[in-house]
Every structure is written in C-alpha cells, then in structure tokens.
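The block underneath contains the structure these notes are about, expressed in structure tokens.
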Amino acid sequence: MTPVGTRLAIDARGIRKSYGKQLVLDGIDLRVAEGSVFALLGPNGAGKTTTVHILSTLIAADAGEIQVAGHEVAREPNAVRAAIGLTGQFSAIDRFLTGEENMLLMADLRHLDRVEGRRRVAELLARFDIADAARKPVSTWSGGMQRRLDLAMTLIGDPRIIFLDEPTGGLDPRSRRTMWQVIEGLVGGGVTIFLTTQYLEEADRLADRIAVLDHGRVVAEGSPAELKRLVPGGHVRLAFSDAGALEKAARALPGAARDDDALALLVPSDGRVGSLRTLLEGLDAAAIDVDALSVETPDLDDVFLSLTGNPDTEKGTER
Amino acid sequence: MTAYPNALRDTATMLRRSIVHIRRYPSLIFFIAGIPVLFLLLFVYVFGGTLGNGLGGPAGGRAAYLAYVIPGILLMAAAGGGQGIAISVAMDMHEGIVARFRTMAIARGAILVGHVIAAMIQTGIAAVVVLAVALLIGFRPTTGPIEWLGAVGLLALVTLAITWLSAALGLAAGSVETASNTPMFLTILPFLGSGFVPTATMPEPLRWFAEHQPFTPIIETLRGLLFGTPIGDSGWTAVAWCVAITVAGFVWARRLYERDPAHR
C-alpha cells in the first residue's frame, strides 16, 4: 500500500485512447508512488505500449488527467521530458554510431557540459559492462549488449522516472537474468521505475505493485501477494501416513480432492491463517492424524490466466 | 511553439550526428554524384554531337551541348541529394531512436534541421564533383564571378527547396523502400523541361507542362548566369518557385514529424 503522504511519481486518471474505431485504452487509472517499481502486466495488444507512450509524452491521450513528475503531460510536456527516461520495446540506439558516440549524443541532448558528460558516459559504460566494445559500431554488438546500451542511454541525465517497455522481450534467459539484475540495481535513490511485461515471473520479481491490463482496462491491481490472493485455486495439501486416515479425512472434508497414490488430500483454501486454523481444528475434533501440511498459493500464472482469459484465444485480436 | 533555449545547441548536435552518418557511409555520396556524372558523360559523348547541332546555335556540336546540359545535370545532383535525405529520414523514423528523441526535452525541429543541413552539405559535395568532371571535359562558363556567385546562390536555394520537400517525402513514406522511390520524379523533371533539349521542340501538351514546371525557369536562370543567355522573368519565377517549395516542404515535414508516431 502506498503510505499516506508519499508523493506520486505518476498520477493518471481516466486515460482513454482509441485509434479510429478501435478502443485501445478504456479509462485506466494509474498511481505510482515515488521511488517504487510498478509493473504493467498484460498480454500482447492489451495497451501496455500505448500507456507508456502516453505517459512519456510520445503520443497524446484522447482523455484523462495525467500528471508525471508533478507536471501535466498535455500542458508541460517538456517539464515531464526533463524528468523521465524511456527505454522502448524497439531498441532506440543509433546503429551507425559506436556505443560511445551514442552515449555522448545523449549527453549532448541532455545538455550536460563536456567534462561532466564524458565522466557520466565512462561511468555508465563501465557499469553496464559495455566499455570494452564502446568504440565499435553498435550494429556489431549482441542483442543483450544493445539492450544494455539502450538502458545506459536512458540513464544519462539522471531521470527521476524510468519507463521500461518490455525490457527483456526477445532476450534469451541468461540475458534476461542479467537485465533483471541491472534493473534491480537502478532501484533506490528515489528513482521510480514503470515497466511493462508479459512475463509474470518478471513482474513478481521486480515490482512492488502490479496492475494487470487487459483489453484496455486495468482488471486488477495490487502487490504481487495481493494479486495471488485475489484468485481462487490455492489449496492446502494434507499428507497422511496410511490409507485409513486418508479415508477418514476425505469423509470429514467432502470438498477436497483425493490423491490416493500419494496418500494426500487437496483442500481448497485461500491460505489465510484463520481458515487454516478452522481446518486444523476440524481435523483435531475428528481425531484425524495428519502427517504433513503444506499451503500452496496460486502463482501469478494462475492470476494472469484467470484475469485475462485464455491467452490462446487472444492471438487473433492483437493490435 | 515553446521557446527552446537550447535550439541551436540541439540542432548542432543533430547535425554532428548526421555528418557522422555521411562520413561513415560515403557510398551515398558516390551514388548522388555518380548518377549525374554518368548522365553528363552519356549525354555529352553519346548524344551530344547530334543534340548540339539541333540547338540551332552558331557553333553547335558536342561543345555547345556540354554547355547546354550543365544546368540540368546540376539539378539532377540536387534531386539525387533529395533521395538521400528521404532515405536517411525514413530510416530514422523506423528506428526507435526518434521515439527516444521525442521523449527528451530537446528542440522539436532540431532533428529535421540537422538532417537538412547535412543533406545540403552532401549535395554540395556532389555538385562540386559534378562540376569538376564538367570542367575536366571542357565546361567553361563565359560570364563573370558575380554571375557565378548568383548561380551558386540559386543552386543552394534549389537544393534547400528539394531537400525540405524530400525530407517530407521521407517522413510520409511508409517504408525506407518507398522513401527511396518517391523523390525519383525530381530526377525525371529536368528531362520534362528545358534541361536536355529546348522545350520548343516538344509536342504541345508536353511543351505546356515543360514550360510551366518549376525546373524550367530554374534551368533557364542557371544557363543565363553561366553563359549569358537571356534570363528574362525566369529569374524571379525561379526564386519564387524555390521559396514556395521550401515553405511547403518545411510546413509539411514539420506536420508529419509532429504526427502521432503510432499512426505512421
């Protein structure tokens, strides 16, 4: 939960956007506390990139009150731009330049003075482990290195709010993990991160708060733990030492599913302490001996699927 | 438009970037200079003997045709430069880098102006190469330095007009391939004017078009400034066309650049 009094880095109400007859964003609200990591999670075509483009002043919303870094996006786009950095889905690097030239270009456009600019560039190139290749044209770099350069370019000028649109899309698992470490390294010092992703694991690992976007609407919002609790599908697994105890327990708990081979019973549960206590007290009263107990909460995949529907049926409606 | 205190600095930064592009990929300059040089040699040495006699001047022949064809060839170089900027602008628009520029607090026009200045430098280099080849094969302007300066000035004005128009064409193109094709008509226009043969020899509808299209007064003025042929009111018409095309190209390019990028 956002503590009272914490300033909002992003405060958007009722963002609407359509292209022609196609409604892309149907009145979404987003509040992102300063210094937090916020993930916008959704399938392809949900409107994630459109949201990032609107918040980063790239395109105008049709309606909505949108403040980023304390400035109205529509009225003071330049004040917003001075406070943000965007790493988009498609690499925003100049392929004809070297890595260092790309970085110096950003330093110039951020209006850093020469000495300060060179110092920042050298520091970021080293921090992102791309200093060795810095004098080579980036067209010869690997995808993971280009992505890191892209992010390093965003960081020149110390933006207070960083937008990352699918920062690990298309990366192999190893580069993805490296990118996660890089993103985790950005947190702190009051920097706010707004990222979009289709990967639940990514949102779960990186974000303080997650909003699930589907068909232009926010269908759920909360911390990763809150979202997991939203969805039924969690259960308590009771293991027994013999078939007799299993039989007795199954009769006492008619809603449970039996797993005879494992001598186990799966009892639907929201995983809260109260309901666990009730369950255990019931078992006690019936004098049933339980060998082992484990609480299994749904993972974010379950949340995602139950909130956004079957992803296989979405494919036809992308874009 | 909001005032940008850093407009000059941003434009200089973007210009530097465009010049690095040109330096790193010089093949474009070879293309821009190569096509008009090829046409110059082709028209002077293959067709020039016959075409020169048809001009009806006192001397005739290849030497007369060389003088006649120079303005049209120079305009071909400017048109080639237009193709160059259309391609480089379209390439930029299809890369994520422009999205990045748009989300930074930099002067809005800087990237286009940087492209345009770099393209003008590029076309200037190509024009010098074309002129050097022309001098080598016997081109001798018969007027004085003041007229030559006037010719250079008009050439710069034409290049500015073609460059802004082509920048808009590059922005309007849906793909880099389209961007390399749409400015092609600029290369054809000198043929459908007084660039290669006098318009008087053309059939009626074509002749009407040739006499009223912008390249003809520009070519006639260049010819007058280089060889002392009568300019008449071609001079003002040429300047008016250049200014009109520059303004139209500039306004169109700015509108296209400000357009919602998701709607390309």
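If you're wondering about the labels, chains in the structure tokens are A, B, ... by order shown, residues count from 1 in each chain, ligands from 1 in order shown.
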Chain A near chain B within 6 Å: what's each residue's closest atom pair and its distance in Å to one decimal, counting only C-alpha atoms, ordered by chain then ascending residue number, as JSON lines?
```
{"residue": "A:Leu58", "atom": "CA", "partner": "B:Thr103", "partner_atom": "CA", "distance": 6.0}
{"residue": "A:Ile59", "atom": "CA", "partner": "B:Asp260", "partner_atom": "CA", "distance": 5.7}
{"residue": "A:Asn78", "atom": "CA", "partner": "B:Ala105", "partner_atom": "CA", "distance": 5.2}
{"residue": "A:Arg81", "atom": "CA", "partner": "B:Met104", "partner_atom": "CA", "distance": 5.0}
{"residue": "A:Ala82", "atom": "CA", "partner": "B:Ala105", "partner_atom": "CA", "distance": 5.4}
{"residue": "A:Phe90", "atom": "CA", "partner": "B:Gly96", "partner_atom": "CA", "distance": 5.4}
{"residue": "A:Ser91", "atom": "CA", "partner": "B:Gly96", "partner_atom": "CA", "distance": 5.4}
{"residue": "A:Ala92", "atom": "CA", "partner": "B:Ile97", "partner_atom": "CA", "distance": 3.9}
{"residue": "A:Ile93", "atom": "CA", "partner": "B:Ile97", "partner_atom": "CA", "distance": 5.4}
```
Name the residues in contact with Val128 of chain B at a cut-off of 10 Å, using only C-alpha atoms, excluding same-chain residues fewer than 6 positions from it; report them as a JSON list (two decimals) with N, CA and C atoms, in the first residue's frame.
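This went into out-v1.json:
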```
[["chain", "number", "residue", "atom", "x", "y", "z"],
["B", 33, "ALA", "N", 26.59, 11.73, -56.53],
["B", 33, "ALA", "CA", 27.44, 12.37, -57.53],
["B", 33, "ALA", "C", 27.55, 11.50, -58.78],
["B", 74, "LEU", "N", 23.22, 19.56, -63.03],
["B", 74, "LEU", "CA", 23.37, 20.03, -61.64],
["B", 74, "LEU", "C", 22.08, 19.81, -60.86],
["B", 77, "ALA", "N", 21.83, 16.36, -59.67],
["B", 77, "ALA", "CA", 22.59, 16.14, -58.44],
["B", 77, "ALA", "C", 21.77, 16.56, -57.22],
["B", 134, "ALA", "N", 32.84, 18.19, -65.16],
["B", 134, "ALA", "CA", 32.44, 19.03, -66.28],
["B", 134, "ALA", "C", 33.60, 19.90, -66.76]]
```
Quiz item: Got a sec: who's within 12 Å of Leu263 of chain A, counting only C-alpha atoms, leaving out chain neighbours fewer than 5 positions off, as a VMD selection string?
Solution: chain A and resid 237 to 250 257 to 258 290 to 292
Restricting the output to C-alpha atoms, write the selected residues as a tab-separated table (two decimals), in the first residue's frame.
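Once written, part.tsv looks like this:
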```tsv
chain	number	residue	atom	x	y	z
A	237	ARG	CA	-2.17	-30.19	0.89
A	238	LEU	CA	-2.62	-32.73	3.71
A	239	ALA	CA	-0.44	-35.83	3.66
A	240	PHE	CA	-1.32	-38.97	5.68
A	241	SER	CA	0.71	-41.91	6.87
A	242	ASP	CA	-1.92	-44.58	5.97
A	243	ALA	CA	-4.98	-45.12	3.81
A	244	GLY	CA	-7.29	-45.30	6.83
A	245	ALA	CA	-6.50	-41.75	7.92
A	246	LEU	CA	-6.93	-40.53	4.33
A	247	GLU	CA	-10.31	-42.26	4.15
A	248	LYS	CA	-11.47	-40.69	7.40
A	249	ALA	CA	-10.28	-37.22	6.40
A	250	ALA	CA	-11.91	-37.47	2.98
A	257	ALA	CA	-9.72	-33.81	-3.87
A	258	ARG	CA	-8.08	-37.16	-3.13
A	290	VAL	CA	-2.17	-35.54	9.69
A	291	ASP	CA	1.37	-36.42	8.70
A	292	ALA	CA	2.30	-33.21	6.91
```
Quiz prompt | Thr197 of chain A surroundings by only C-alpha atoms, 10 Å radius, close-in-sequence under 5 positions cut, as a VMD selection string | solution = chain A and resid 39 to 44 48 to 49 164 to 169 202 to 203 212
Output N, CA and C atoms of each residue in that selection to a file, as a PDB file, in the first residue's frame.
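Saved result, result.pdb, follows:
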```
ATOM      1  N   ALA A  39       4.777  -2.432 -12.169  1.00  0.00           N
ATOM      2  CA  ALA A  39       4.743  -3.221 -13.402  1.00  0.00           C
ATOM      3  C   ALA A  39       3.348  -3.209 -13.995  1.00  0.00           C
ATOM      4  N   LEU A  40       3.280  -2.965 -15.292  1.00  0.00           N
ATOM      5  CA  LEU A  40       2.029  -3.061 -16.022  1.00  0.00           C
ATOM      6  C   LEU A  40       2.111  -4.380 -16.778  1.00  0.00           C
ATOM      7  N   LEU A  41       1.227  -5.292 -16.380  1.00  0.00           N
ATOM      8  CA  LEU A  41       1.319  -6.655 -16.869  1.00  0.00           C
ATOM      9  C   LEU A  41       0.135  -6.923 -17.780  1.00  0.00           C
ATOM     10  N   GLY A  42       0.392  -7.543 -18.905  1.00  0.00           N
ATOM     11  CA  GLY A  42      -0.731  -7.844 -19.778  1.00  0.00           C
ATOM     12  C   GLY A  42      -0.292  -8.575 -21.021  1.00  0.00           C
ATOM     13  N   PRO A  43      -1.252  -9.206 -21.692  1.00  0.00           N
ATOM     14  CA  PRO A  43      -0.902  -9.919 -22.921  1.00  0.00           C
ATOM     15  C   PRO A  43      -0.614  -8.940 -24.057  1.00  0.00           C
ATOM     16  N   ASN A  44      -0.135  -9.453 -25.160  1.00  0.00           N
ATOM     17  CA  ASN A  44       0.073  -8.639 -26.355  1.00  0.00           C
ATOM     18  C   ASN A  44      -1.216  -7.943 -26.747  1.00  0.00           C
ATOM     19  N   LYS A  48      -0.397  -1.904 -23.306  1.00  0.00           N
ATOM     20  CA  LYS A  48       0.747  -1.539 -22.446  1.00  0.00           C
ATOM     21  C   LYS A  48       1.621  -0.476 -23.095  1.00  0.00           C
ATOM     22  N   THR A  49       2.002  -0.719 -24.353  1.00  0.00           N
ATOM     23  CA  THR A  49       2.898   0.217 -25.024  1.00  0.00           C
ATOM     24  C   THR A  49       2.217   1.564 -25.231  1.00  0.00           C
ATOM     25  N   LEU A 164      10.319   1.483 -18.772  1.00  0.00           N
ATOM     26  CA  LEU A 164      10.933   0.355 -19.466  1.00  0.00           C
ATOM     27  C   LEU A 164       9.816  -0.451 -20.125  1.00  0.00           C
ATOM     28  N   ASP A 165       9.736  -0.360 -21.442  1.00  0.00           N
ATOM     29  CA  ASP A 165       8.673  -1.074 -22.147  1.00  0.00           C
ATOM     30  C   ASP A 165       9.195  -2.436 -22.574  1.00  0.00           C
ATOM     31  N   GLU A 166       8.720  -3.477 -21.922  1.00  0.00           N
ATOM     32  CA  GLU A 166       9.164  -4.838 -22.151  1.00  0.00           C
ATOM     33  C   GLU A 166      10.695  -4.927 -22.235  1.00  0.00           C
ATOM     34  N   PRO A 167      11.352  -4.627 -21.118  1.00  0.00           N
ATOM     35  CA  PRO A 167      12.815  -4.540 -21.152  1.00  0.00           C
ATOM     36  C   PRO A 167      13.508  -5.858 -21.485  1.00  0.00           C
ATOM     37  N   THR A 168      12.843  -6.977 -21.300  1.00  0.00           N
ATOM     38  CA  THR A 168      13.525  -8.243 -21.581  1.00  0.00           C
ATOM     39  C   THR A 168      12.878  -9.000 -22.733  1.00  0.00           C
ATOM     40  N   GLY A 169      11.960  -8.342 -23.438  1.00  0.00           N
ATOM     41  CA  GLY A 169      11.304  -9.008 -24.567  1.00  0.00           C
ATOM     42  C   GLY A 169      12.334  -9.466 -25.589  1.00  0.00           C
ATOM     43  N   GLU A 202       8.703 -11.954 -14.161  1.00  0.00           N
ATOM     44  CA  GLU A 202       9.416 -10.683 -14.161  1.00  0.00           C
ATOM     45  C   GLU A 202       8.732  -9.668 -13.245  1.00  0.00           C
ATOM     46  N   ALA A 203       7.415  -9.561 -13.385  1.00  0.00           N
ATOM     47  CA  ALA A 203       6.665  -8.616 -12.550  1.00  0.00           C
ATOM     48  C   ALA A 203       6.795  -9.007 -11.081  1.00  0.00           C
ATOM     49  N   VAL A 212      -2.738  -5.266 -13.723  1.00  0.00           N
ATOM     50  CA  VAL A 212      -2.955  -6.184 -14.846  1.00  0.00           C
ATOM     51  C   VAL A 212      -3.856  -5.484 -15.859  1.00  0.00           C
TER      52      VAL A 212
END
```
Practice problem: Give the strand (DSSP E) residues of segment 32-278 of chain A, as DSSP finds them on the backbone, and put them as a PyMOL selection string. | Solution: chain A and resi 32-33+37-41+63-68+71-72+84-87+161-165+192-197+209-214+217-222+235-239+257-259+264-268
Practice problem: Give me the residues within 9 Å of Tyr257 of chain B as an NGL selection string, counting only C-alpha atoms and dropping any in the same chain fewer than 5 places off. | Solution: :B and (93 or 108-109 or 112 or 168 or 171 or 252)
